[in-house]
Amino acid sequence: MQLAALTPKHHSIFALDNPTTIDYSLDVNIVAITATTPSIIDAYQIADNFRKRNVIVVIGGWHASALPTEAKLHADSVFIGEAEDTWPRFLKDFENGRFEPFYKQNNLVSAESITTPRRDVFEQLAPIAPLQAIWGCPNNCEFCCISNIGFGNKPRFRPIESIIEEIRSIPQKYLFFCDPSLTINPDYTKNLFRKLKEFDKTLLMCNGNADVLAKDDELLKLSSEAGCLEWLIGFESISQETIDSIGKKTNIVKEYSTAVKKIHDNNMEVIGEFVFGFDKDKPDIFEKTYESIKSMEIDLPAPGILTPYPGTPLYNRFEKEGRILTKDWSRYTERNVVFQPKNMTKEELLEGTKDIKERIFRLSFRTYKKRRIDKFSNNF
């Protein structure tokens, strides 16, 4: 939607989001694909099928940005990094009959230049509308794709009035912010929430960091008043030693319970992400995490297996240490073990994660389901 807004009006565009079936006889000049690592194999297959018909195919996204040479095997041109500047340049080159094999964003895209996305390119609108206020995240966690590719570690804040204008144009009542974190600049986010209070919208979810959410009572109050139902927090680990080793400076384990309680006190819920397989993790990490989740009363715990995505310092380190077990990208889903753990076996990591998923599902499902039905019955 973002790139569609940057496309000159004389081009006709339509978009498919996660298509399961594609009509390869479509009468198109260009097929543009964006994909993450677990979906890149499907993306390559789609690209290859269109190229057999001599349709120009371009590929971008996290994976192509990390491994552009690989992506080029399946595309006529590859976009590296953000594409707010390079996409219009490619289209102009295409119109002139000659374009480059690689387009790399070499300059920081300013917040003021970020345009309102075009939602009309989809044949049918989803019931929930995604929004993005902040580009990038400064935290540089070792395993993170966002902050470790291109200018991803340079946060940019869209003018709030631009976001408000976008919301006015959105017919859906239900919104969610897909920003990496809305707690990077609390003052900015508070001003945004103050404006959101003017709308009859339900804000389903925001992403935030534990340190700010444990301390900023005003931010939590304003988010609740703006219609927010849930905060998603990447707790990652209940071990401070692990948190320190991965460079997540926003997480202080002893503050986790405070953050959860304050969110609950403001009538919102917590989705808590936990990752298993860090180098400091031993087999007892699963039981310790389960007890912590139960103690904190996290509404919806979301456990996953550490995944070294290409382009991250974690992947580069594991590659150097000879610990990458497979480059079958379709397995990079946070549900498979694709690297050699340091302090447990592959089987212990896989089975331990499966077991805690089952246990916390039983722990949280009934109470979460009841709270969600009660809350959504008042909002839908």
# chains A, B, ... in the order shown; residues from 1 in each chain; ligands from 1
>>> select_by_dssp(residues="range 75-324 of chain A", states="strand (DSSP E or B)", output="compact mmCIF listing (two decimals) with C-alpha atoms, in the first residue's frame")
# COMPACT_ATOMS: atom_id res chain seq x y z
CA SER A 77 15.63 -6.51 -10.30
CA VAL A 78 16.09 -6.61 -6.52
CA PHE A 79 15.29 -3.83 -4.05
CA ILE A 80 17.61 -3.52 -1.06
CA PHE A 102 19.75 -3.78 -8.03
CA TYR A 103 18.15 -0.74 -6.42
CA LYS A 104 19.49 0.19 -3.00
CA ILE A 128 -9.00 -4.61 10.55
CA ALA A 129 -6.89 -1.77 9.15
CA PRO A 130 -3.13 -1.68 9.83
CA LEU A 131 -1.43 1.63 10.58
CA ILE A 134 7.04 5.05 13.30
CA TRP A 135 9.60 3.75 10.81
CA ARG A 156 11.38 8.27 12.03
CA PHE A 157 8.12 9.65 13.32
CA TYR A 174 -10.88 -1.62 14.01
CA LEU A 175 -7.23 -0.57 13.79
CA PHE A 176 -3.89 -1.88 14.89
CA PHE A 177 -0.47 -0.27 14.90
CA THR A 202 -11.17 0.41 18.45
CA LEU A 203 -7.40 0.05 18.61
CA LEU A 204 -6.86 -3.67 18.85
CA MET A 205 -3.15 -3.79 19.58
CA CYS A 206 0.05 -1.79 20.01
CA ASN A 207 3.64 -2.99 20.33
CA GLY A 208 5.65 -1.61 23.23
CA CYS A 228 -6.48 0.19 22.91
CA LEU A 229 -7.34 -3.36 23.96
CA GLU A 230 -3.90 -5.00 24.08
CA TRP A 231 -0.21 -4.29 24.36
CA LEU A 232 2.20 -6.75 22.77
CA ILE A 233 5.52 -6.90 24.63
CA GLY A 234 8.63 -8.76 23.54
CA PHE A 235 9.76 -10.02 26.93
CA GLU A 236 12.03 -12.51 25.09
CA GLU A 269 -4.47 -7.08 28.14
CA VAL A 270 -0.92 -8.31 27.54
CA ILE A 271 0.39 -10.47 24.73
CA GLY A 272 3.82 -11.59 25.90
CA GLU A 273 6.39 -12.93 23.44
CA PHE A 274 9.05 -15.32 24.74
CA VAL A 275 11.93 -16.82 22.78
CA PHE A 276 13.77 -20.04 23.58
CA LEU A 300 -1.78 -14.49 25.98
CA PRO A 301 1.80 -15.81 26.14
CA ALA A 302 3.38 -16.37 22.72
CA PRO A 303 6.45 -18.64 22.86
CA GLY A 304 8.70 -19.28 19.88
CA ILE A 305 12.04 -20.78 18.93
CA ILE A 324 23.41 -22.94 10.96
>>> closest_residue(among="A:Ile293, A:Ala126, A:Val109, A:Val338", to="Gly81 in chain A", atoms="only C-alpha atoms")
A:Val109
>>> residues_around(residues="Arg51 in chain A", least_positions_apart="5", cutoff="9 Å", atoms="only C-alpha atoms", output="ChimeraX atom specification")
/A:46,56-57,74-76
>>> write_last_selection(atoms="C-alpha atoms", output="CSV table (one decimal), in the first residue's frame")
chain,number,residue,atom,x,y,z
A,46,ILE,CA,5.7,-17.2,-8.1
A,56,ILE,CA,9.3,-8.4,-15.5
A,57,VAL,CA,9.6,-9.5,-11.8
A,74,HIS,CA,14.6,-15.3,-9.4
A,75,ALA,CA,14.1,-11.6,-10.4
A,76,ASP,CA,14.9,-9.1,-13.0
>>> closest_atom_pairs(of="range 59-169 of chain A", to="range 14-29 of chain A", cutoff="10 Å", atoms="only C-alpha atoms", output="Markdown table")
| residue | atom | partner | partner_atom | distance |
| --- | --- | --- | --- | --- |
| A:Phe94 | CA | A:Asn29 | CA | 9.9 |
| A:Arg119 | CA | A:Ala15 | CA | 9.5 |
| A:Asp120 | CA | A:Phe14 | CA | 8.3 |
| A:Val121 | CA | A:Phe14 | CA | 4.7 |
| A:Phe122 | CA | A:Ala15 | CA | 5.3 |
| A:Glu123 | CA | A:Phe14 | CA | 7.7 |
| A:Gln124 | CA | A:Leu16 | CA | 9.9 |
>>> write_last_selection(atoms="C-alpha atoms", output="PDB file, in the first residue's frame")
ATOM      1  CA  PHE A  94      11.322   0.936 -16.796  1.00  0.00           C
ATOM      2  CA  ARG A 119      -5.809   1.007   0.428  1.00  0.00           C
ATOM      3  CA  ASP A 120      -7.874   0.970  -2.750  1.00  0.00           C
ATOM      4  CA  VAL A 121      -5.397  -1.354  -4.490  1.00  0.00           C
ATOM      5  CA  PHE A 122      -7.006  -4.336  -2.758  1.00  0.00           C
ATOM      6  CA  GLU A 123     -10.224  -5.719  -4.168  1.00  0.00           C
ATOM      7  CA  GLN A 124     -11.592  -6.260  -0.679  1.00  0.00           C
TER       8      GLN A 124
END
>>> residues_around(residues="Arg168 in chain A", least_positions_apart="6", cutoff="12 Å", atoms="only C-alpha atoms", output="list of chain:residue names")
A:Thr116, A:Glu161, A:Ser162, A:Leu175, A:Lys195, A:Leu196, A:Glu198, A:Phe199, A:Asp200, A:Lys201
>>> closest_residue(among="A:Thr326, A:Ser39, A:Ser245, A:Asn209", to="Ala259 in chain A", atoms="only C-alpha atoms")
A:Asn209
>>> select_by_dssp(residues="range 132-239 of chain A", states="helix (DSSP H, G or I)", output="ChimeraX atom specification")
/A:160-168,186-196,210-213,217-225
>>> closest_residue(among="A:Glu82, A:Asn107, A:Gln240, A:Asp187", to="Gly136 in chain A", atoms="only C-alpha atoms")
A:Glu82
>>> closest_residue(among="A:Ile238, A:Ala5, A:Ile243, A:Leu349", to="Met296 in chain A", atoms="only C-alpha atoms")
A:Ile238
>>> decode(residues="range 252-299 of chain A", atoms="N, CA and C atoms", output="short mmCIF file (atom, residue, chain, number, x, y, z; two decimals), in the first residue's frame")
data_model
loop_
_atom_site.label_atom_id
_atom_site.label_comp_id
_atom_site.auth_asym_id
_atom_site.auth_seq_id
_atom_site.Cartn_x
_atom_site.Cartn_y
_atom_site.Cartn_z
N ILE A 252 14.12 -4.95 31.57
CA ILE A 252 14.62 -5.24 32.92
C ILE A 252 13.66 -6.25 33.52
N VAL A 253 14.13 -7.46 33.72
CA VAL A 253 13.25 -8.57 34.08
C VAL A 253 12.44 -8.26 35.34
N LYS A 254 13.04 -7.61 36.31
CA LYS A 254 12.33 -7.34 37.56
C LYS A 254 11.19 -6.34 37.37
N GLU A 255 11.14 -5.67 36.21
CA GLU A 255 10.06 -4.73 35.93
C GLU A 255 8.90 -5.37 35.15
N TYR A 256 9.06 -6.60 34.72
CA TYR A 256 8.04 -7.25 33.91
C TYR A 256 6.68 -7.27 34.62
N SER A 257 6.67 -7.71 35.87
CA SER A 257 5.41 -7.84 36.60
C SER A 257 4.72 -6.50 36.76
N THR A 258 5.51 -5.45 36.99
CA THR A 258 4.94 -4.12 37.13
C THR A 258 4.26 -3.68 35.84
N ALA A 259 4.92 -3.92 34.71
CA ALA A 259 4.34 -3.54 33.42
C ALA A 259 3.02 -4.26 33.18
N VAL A 260 2.99 -5.55 33.44
CA VAL A 260 1.77 -6.33 33.22
C VAL A 260 0.64 -5.84 34.13
N LYS A 261 0.96 -5.63 35.40
CA LYS A 261 -0.06 -5.18 36.35
C LYS A 261 -0.63 -3.82 35.96
N LYS A 262 0.22 -2.90 35.55
CA LYS A 262 -0.27 -1.57 35.20
C LYS A 262 -1.14 -1.60 33.94
N ILE A 263 -0.78 -2.46 33.00
CA ILE A 263 -1.63 -2.61 31.81
C ILE A 263 -2.99 -3.16 32.19
N HIS A 264 -3.00 -4.16 33.06
CA HIS A 264 -4.26 -4.71 33.55
C HIS A 264 -5.07 -3.66 34.31
N ASP A 265 -4.39 -2.87 35.12
CA ASP A 265 -5.08 -1.83 35.90
C ASP A 265 -5.77 -0.81 35.01
N ASN A 266 -5.27 -0.68 33.78
CA ASN A 266 -5.88 0.24 32.82
C ASN A 266 -6.84 -0.48 31.87
N ASN A 267 -7.28 -1.67 32.28
CA ASN A 267 -8.31 -2.42 31.54
C ASN A 267 -7.84 -2.83 30.14
N MET A 268 -6.57 -3.19 30.03
CA MET A 268 -6.03 -3.71 28.77
C MET A 268 -5.36 -5.05 29.05
N GLU A 269 -5.06 -5.76 28.00
CA GLU A 269 -4.47 -7.08 28.14
C GLU A 269 -3.04 -7.10 27.60
N VAL A 270 -2.33 -8.18 27.91
CA VAL A 270 -0.92 -8.31 27.54
C VAL A 270 -0.71 -9.56 26.70
N ILE A 271 -0.16 -9.36 25.51
CA ILE A 271 0.39 -10.47 24.73
C ILE A 271 1.89 -10.47 25.00
N GLY A 272 2.40 -11.54 25.52
CA GLY A 272 3.82 -11.59 25.90
C GLY A 272 4.60 -12.57 25.04
N GLU A 273 5.57 -12.06 24.29
CA GLU A 273 6.39 -12.93 23.44
C GLU A 273 7.62 -13.41 24.21
N PHE A 274 7.88 -14.71 24.12
CA PHE A 274 9.05 -15.32 24.74
C PHE A 274 9.78 -16.16 23.70
N VAL A 275 11.09 -16.13 23.76
CA VAL A 275 11.93 -16.82 22.78
C VAL A 275 12.83 -17.81 23.52
N PHE A 276 12.94 -19.01 22.97
CA PHE A 276 13.77 -20.04 23.58
C PHE A 276 14.89 -20.47 22.62
N GLY A 277 16.05 -20.73 23.19
CA GLY A 277 17.20 -21.17 22.39
C GLY A 277 18.38 -20.24 22.44
N PHE A 278 18.30 -19.17 23.25
CA PHE A 278 19.44 -18.29 23.39
C PHE A 278 20.62 -19.06 24.00
N ASP A 279 21.81 -18.56 23.77
CA ASP A 279 23.01 -19.28 24.21
C ASP A 279 23.06 -19.50 25.72
N LYS A 280 22.42 -18.65 26.49
CA LYS A 280 22.42 -18.81 27.94
C LYS A 280 21.34 -19.77 28.42
N ASP A 281 20.43 -20.14 27.52
CA ASP A 281 19.30 -21.01 27.92
C ASP A 281 19.76 -22.44 28.14
N LYS A 282 19.29 -23.01 29.25
CA LYS A 282 19.50 -24.42 29.55
C LYS A 282 18.12 -25.08 29.65
N PRO A 283 18.05 -26.41 29.71
CA PRO A 283 16.74 -27.08 29.69
C PRO A 283 15.76 -26.61 30.77
N ASP A 284 16.28 -26.06 31.88
CA ASP A 284 15.36 -25.62 32.94
C ASP A 284 14.66 -24.30 32.62
N ILE A 285 15.02 -23.65 31.51
CA ILE A 285 14.43 -22.36 31.17
C ILE A 285 12.93 -22.48 30.92
N PHE A 286 12.47 -23.62 30.45
CA PHE A 286 11.05 -23.78 30.12
C PHE A 286 10.19 -23.75 31.38
N GLU A 287 10.58 -24.51 32.41
CA GLU A 287 9.80 -24.53 33.65
C GLU A 287 9.86 -23.17 34.34
N LYS A 288 11.03 -22.53 34.34
CA LYS A 288 11.15 -21.21 34.96
C LYS A 288 10.26 -20.19 34.24
N THR A 289 10.22 -20.27 32.93
CA THR A 289 9.38 -19.34 32.17
C THR A 289 7.91 -19.59 32.43
N TYR A 290 7.52 -20.85 32.48
CA TYR A 290 6.12 -21.19 32.74
C TYR A 290 5.67 -20.63 34.08
N GLU A 291 6.49 -20.80 35.10
CA GLU A 291 6.14 -20.29 36.43
C GLU A 291 6.04 -18.77 36.43
N SER A 292 6.92 -18.11 35.68
CA SER A 292 6.88 -16.64 35.60
C SER A 292 5.62 -16.16 34.89
N ILE A 293 5.27 -16.83 33.80
CA ILE A 293 4.06 -16.47 33.06
C ILE A 293 2.83 -16.61 33.95
N LYS A 294 2.79 -17.71 34.69
CA LYS A 294 1.66 -17.96 35.59
C LYS A 294 1.61 -16.91 36.70
N SER A 295 2.76 -16.57 37.24
CA SER A 295 2.83 -15.58 38.31
C SER A 295 2.42 -14.19 37.84
N MET A 296 2.85 -13.81 36.62
CA MET A 296 2.54 -12.48 36.11
C MET A 296 1.13 -12.36 35.55
N GLU A 297 0.48 -13.50 35.32
CA GLU A 297 -0.87 -13.53 34.76
C GLU A 297 -0.91 -12.85 33.39
N ILE A 298 0.04 -13.21 32.54
CA ILE A 298 0.04 -12.70 31.16
C ILE A 298 -1.14 -13.31 30.43
N ASP A 299 -1.89 -12.48 29.74
CA ASP A 299 -3.15 -12.92 29.13
C ASP A 299 -2.93 -13.91 28.00
#
